[in-house]
Amino acid sequence: MTRLAEKTRRSHMITEDEIAVSFEFFPPKTAKMEETLWAAIKRLAPLAPEFVSVTYGAGGSTRERTHSTIGRIIRETSLKPAGHLTCVGASKAEVNDVIHNYWATGVRHIVALRGDPQKGIGHEFEAHKSGYKSSVDLIKSIREIAAMTISVSGYPEMHPESLSRKSELDHLKAKIDAGATQIITQFFFDNAHYLRFVDQVRARGIWCPIIPGIVPIYNYKQVSMFAERCGTSIPYWLTRRFEGLEHDPDTTNLVAAAVAAEQVMDLVDHGIQTFHFYTLNRANLVYATCHLLGLRPRKEPLDRS
Ligand code: FAD
């Protein structure tokens, strides 16, 4: 029996009620992208995710689009949306407005982030002159403004700006102490990084959920560029798997499905039952991975419209 088949059999021992998933989408720029996003949402919604999150473009560039995507999710589905929010390029008053607007729209969950430096990753983060200086300040304010669930980022392979693992864990502890309730990790491909991170976070006295972020590899070149920018390492075995498939999207998809399945099932074997998928606004690979995790479409209708 192959390693994958063995894991598939073990994963059958857990029921769909024991697995919880969430999906991240980004706000579309064009009508065509809007169509693609909604096709993905409609395909994934019957899997009854715990929540779906909508990102906030670098420098707050998608504020309106993030808001309108979330509004439509609330109006047209029974999914629970989480709005991402960063401190970049905006005053405290402007960021607070977004928090108030999220609340008024029905959002009860914020993914609270500092955001990337406006000059780009690798430059020092410069806060807006009357803005929040860090994610910790932002979290404190969200707590004061509204009774939201607050998710924050975690970095199994450390953030590119990290000075040391110790200072990173201290910073993470400060985010939790400020009122964050769960951690969603940056994506990773080698589960050992995530499992080691969980041990280190627990040893630092942080006991909230640490949800692994999983990215499906629709396009190896694109994902490896993302990975390089955010400090996620690409193991040699992963590079080998996609080697020679640059112009073969069908095979890439099949290989990517196998890679994602292997990764989540290995995590299930390590007792992990909650997953956050970076969908990149596409459904197929995420749907297939969730299916392998035992999830099946729920019968109750999800459309409110
Ligand atoms: P923080 O966690 O506050 O800080 C990042 C790192 O910097 C820390 O891990 C630590 O190493 C170091 N650091 C910062 N302050 C201190 C300190 N005082 N002491 C010690 N170390 C410190 N970006 C977007 O633009 N829009 C999004 O919607 C978005 N969504 C994301 C969702 C998730 C789940 C993740 C993991 C990332 C997301 N990002 C998003 C990317 C994120 O904005 C960048 O990684 C950004 O550079 C850091 O933001 P943060 O909230 O993770 O920062």
# chains A, B, ... in the order shown; residues from 1 in each chain; ligands from 1
$ residues_near_ligand --ligand "ligand 1" --cutoff "8 Å" --atoms "only C-alpha atoms and all ligand atoms" --output "ChimeraX atom specification"
/A:26,54-60,84-86,88,111-117,121,134-136,151-155,158-165,167-172,175,183-187,213,230
$ select_by_dssp --residues "segment 51-254 of chain A" --states "helix (DSSP H, G or I)" --output "PyMOL selection string"
chain A and resi 58-60+63-76+92-105+135-145+165-177+191-203+220-230+236-242+249-254
$ write_last_selection --atoms "C-alpha atoms" --output "PDB file, in the first residue's frame"
ATOM      1  CA  ALA A  58      -1.887  45.893   0.029  1.00  0.00           C
ATOM      2  CA  GLY A  59      -1.983  49.441   1.361  1.00  0.00           C
ATOM      3  CA  GLY A  60      -5.766  49.256   1.806  1.00  0.00           C
ATOM      4  CA  ARG A  63     -11.108  48.726   0.808  1.00  0.00           C
ATOM      5  CA  GLU A  64     -14.294  49.319  -1.228  1.00  0.00           C
ATOM      6  CA  ARG A  65     -14.071  46.020  -3.081  1.00  0.00           C
ATOM      7  CA  THR A  66     -13.427  44.061   0.111  1.00  0.00           C
ATOM      8  CA  HIS A  67     -16.440  45.707   1.652  1.00  0.00           C
ATOM      9  CA  SER A  68     -18.748  45.115  -1.289  1.00  0.00           C
ATOM     10  CA  THR A  69     -17.654  41.466  -1.610  1.00  0.00           C
ATOM     11  CA  ILE A  70     -18.409  40.923   2.060  1.00  0.00           C
ATOM     12  CA  GLY A  71     -21.742  42.726   1.702  1.00  0.00           C
ATOM     13  CA  ARG A  72     -22.748  40.420  -1.128  1.00  0.00           C
ATOM     14  CA  ILE A  73     -21.691  37.335   0.839  1.00  0.00           C
ATOM     15  CA  ILE A  74     -23.919  38.482   3.698  1.00  0.00           C
ATOM     16  CA  ARG A  75     -26.860  39.323   1.431  1.00  0.00           C
ATOM     17  CA  GLU A  76     -26.765  36.276  -0.786  1.00  0.00           C
ATOM     18  CA  LYS A  92      -6.686  55.457  12.954  1.00  0.00           C
ATOM     19  CA  ALA A  93      -9.990  57.222  12.199  1.00  0.00           C
ATOM     20  CA  GLU A  94     -10.135  55.680   8.715  1.00  0.00           C
ATOM     21  CA  VAL A  95      -9.324  52.211  10.021  1.00  0.00           C
ATOM     22  CA  ASN A  96     -11.916  52.615  12.793  1.00  0.00           C
ATOM     23  CA  ASP A  97     -14.496  53.539  10.142  1.00  0.00           C
ATOM     24  CA  VAL A  98     -13.815  50.228   8.432  1.00  0.00           C
ATOM     25  CA  ILE A  99     -14.329  48.398  11.731  1.00  0.00           C
ATOM     26  CA  HIS A 100     -17.626  50.238  12.326  1.00  0.00           C
ATOM     27  CA  ASN A 101     -18.723  49.540   8.750  1.00  0.00           C
ATOM     28  CA  TYR A 102     -17.868  45.858   9.070  1.00  0.00           C
ATOM     29  CA  TRP A 103     -19.958  45.675  12.238  1.00  0.00           C
ATOM     30  CA  ALA A 104     -22.893  47.563  10.675  1.00  0.00           C
ATOM     31  CA  THR A 105     -22.822  45.206   7.661  1.00  0.00           C
ATOM     32  CA  SER A 135      -1.128  44.894  14.686  1.00  0.00           C
ATOM     33  CA  VAL A 136      -1.212  44.898  18.504  1.00  0.00           C
ATOM     34  CA  ASP A 137      -2.588  48.476  18.526  1.00  0.00           C
ATOM     35  CA  LEU A 138      -5.143  47.548  15.883  1.00  0.00           C
ATOM     36  CA  ILE A 139      -6.325  44.509  17.848  1.00  0.00           C
ATOM     37  CA  LYS A 140      -6.761  46.599  21.014  1.00  0.00           C
ATOM     38  CA  SER A 141      -8.931  49.076  19.133  1.00  0.00           C
ATOM     39  CA  ILE A 142     -11.078  46.400  17.506  1.00  0.00           C
ATOM     40  CA  ARG A 143     -11.652  44.981  20.994  1.00  0.00           C
ATOM     41  CA  GLU A 144     -12.746  48.409  22.244  1.00  0.00           C
ATOM     42  CA  ILE A 145     -15.036  49.088  19.282  1.00  0.00           C
ATOM     43  CA  ARG A 165      12.065  33.277  16.863  1.00  0.00           C
ATOM     44  CA  LYS A 166      11.926  34.564  20.424  1.00  0.00           C
ATOM     45  CA  SER A 167      10.956  38.125  19.461  1.00  0.00           C
ATOM     46  CA  GLU A 168       8.436  36.762  16.978  1.00  0.00           C
ATOM     47  CA  LEU A 169       6.796  34.577  19.642  1.00  0.00           C
ATOM     48  CA  ASP A 170       6.794  37.510  22.086  1.00  0.00           C
ATOM     49  CA  HIS A 171       5.039  39.599  19.443  1.00  0.00           C
ATOM     50  CA  LEU A 172       2.511  36.822  18.799  1.00  0.00           C
ATOM     51  CA  LYS A 173       1.833  36.579  22.547  1.00  0.00           C
ATOM     52  CA  ALA A 174       1.256  40.361  22.614  1.00  0.00           C
ATOM     53  CA  LYS A 175      -1.315  39.985  19.813  1.00  0.00           C
ATOM     54  CA  ILE A 176      -3.173  37.304  21.751  1.00  0.00           C
ATOM     55  CA  ASP A 177      -2.963  39.236  25.022  1.00  0.00           C
ATOM     56  CA  ASN A 191       4.423  20.143   7.733  1.00  0.00           C
ATOM     57  CA  ALA A 192       7.435  19.862  10.049  1.00  0.00           C
ATOM     58  CA  HIS A 193       7.598  23.684  10.084  1.00  0.00           C
ATOM     59  CA  TYR A 194       3.977  23.950  11.213  1.00  0.00           C
ATOM     60  CA  LEU A 195       4.258  21.226  13.849  1.00  0.00           C
ATOM     61  CA  ARG A 196       7.430  22.779  15.294  1.00  0.00           C
ATOM     62  CA  PHE A 197       5.751  26.209  15.313  1.00  0.00           C
ATOM     63  CA  VAL A 198       2.756  24.814  17.233  1.00  0.00           C
ATOM     64  CA  ASP A 199       5.117  23.366  19.857  1.00  0.00           C
ATOM     65  CA  GLN A 200       6.948  26.693  20.169  1.00  0.00           C
ATOM     66  CA  VAL A 201       3.716  28.704  20.415  1.00  0.00           C
ATOM     67  CA  ARG A 202       2.383  26.370  23.123  1.00  0.00           C
ATOM     68  CA  ALA A 203       5.698  26.585  24.980  1.00  0.00           C
ATOM     69  CA  TYR A 220       3.778  26.367  -9.508  1.00  0.00           C
ATOM     70  CA  LYS A 221       5.675  29.406 -10.790  1.00  0.00           C
ATOM     71  CA  GLN A 222       3.201  31.853  -9.302  1.00  0.00           C
ATOM     72  CA  VAL A 223       2.990  30.070  -5.949  1.00  0.00           C
ATOM     73  CA  SER A 224       6.777  29.841  -5.703  1.00  0.00           C
ATOM     74  CA  MET A 225       6.991  33.599  -6.273  1.00  0.00           C
ATOM     75  CA  PHE A 226       4.460  34.183  -3.463  1.00  0.00           C
ATOM     76  CA  ALA A 227       6.433  31.773  -1.299  1.00  0.00           C
ATOM     77  CA  GLU A 228       9.712  33.573  -1.883  1.00  0.00           C
ATOM     78  CA  ARG A 229       8.144  36.935  -1.006  1.00  0.00           C
ATOM     79  CA  CYS A 230       6.655  35.753   2.242  1.00  0.00           C
ATOM     80  CA  TYR A 236      13.263  20.151  -3.228  1.00  0.00           C
ATOM     81  CA  TRP A 237      10.785  17.283  -3.524  1.00  0.00           C
ATOM     82  CA  LEU A 238       8.025  19.807  -4.321  1.00  0.00           C
ATOM     83  CA  THR A 239      10.064  21.461  -7.065  1.00  0.00           C
ATOM     84  CA  ARG A 240      10.749  18.021  -8.533  1.00  0.00           C
ATOM     85  CA  ARG A 241       7.058  17.179  -8.611  1.00  0.00           C
ATOM     86  CA  PHE A 242       6.218  20.148 -10.821  1.00  0.00           C
ATOM     87  CA  PRO A 249      -1.965  22.810 -16.576  1.00  0.00           C
ATOM     88  CA  ASP A 250      -4.004  19.581 -16.563  1.00  0.00           C
ATOM     89  CA  THR A 251      -1.167  17.487 -15.141  1.00  0.00           C
ATOM     90  CA  THR A 252      -0.209  20.353 -12.819  1.00  0.00           C
ATOM     91  CA  ASN A 253      -3.739  20.190 -11.395  1.00  0.00           C
ATOM     92  CA  LEU A 254      -3.556  16.443 -10.853  1.00  0.00           C
TER      93      LEU A 254
END
$ closest_residue --among "A:Val107, A:Ile206, A:Val268, A:Ala48" --to "Leu79 of chain A" --atoms "only C-alpha atoms"
A:Ala48
$ atom_distance --atom1 "atom CA of Asp17 of chain A" --atom2 "atom CA of Gly205 of chain A"
28.5 Å
$ residues_around --residues "Ser22 of chain A" --least-positions-apart "6" --cutoff "12 Å" --atoms "only C-alpha atoms" --output "JSON, numbers by chain"
{"A": [41, 44, 45, 47, 48, 49, 50, 51, 52, 53, 54, 79, 80, 81, 82, 184, 211, 212, 213, 214, 273, 274, 275, 276, 277, 278, 279, 286, 287, 290]}
$ closest_residue --among "A:Leu280, A:Leu285, A:Val21, A:Leu295" --to "Leu37 of chain A" --atoms "only C-alpha atoms"
A:Leu280
$ closest_residue --among "A:Arg108, A:Ala180, A:Glu35, A:Lys119" --to "Ala146 of chain A" --atoms "only C-alpha atoms"
A:Arg108
$ select_by_dssp --residues "segment 37-276 of chain A" --states "strand (DSSP E)" --output "ChimeraX atom specification"
/A:51-54,81-85,109-112,149-154,182-187,210-214,274-276
$ closest_residue --among "A:Pro297, A:Pro28, A:Pro156, A:Pro209" --to "Ser61 of chain A" --atoms "only C-alpha atoms"
A:Pro28
$ atom_distance --atom1 "atom CA of Gln118 of chain A" --atom2 "atom CA of Pro27 of chain A"
19.4 Å
$ atom_distance --atom1 "atom CA of Ala288 of chain A" --atom2 "atom CA of Ile110 of chain A"
27.3 Å
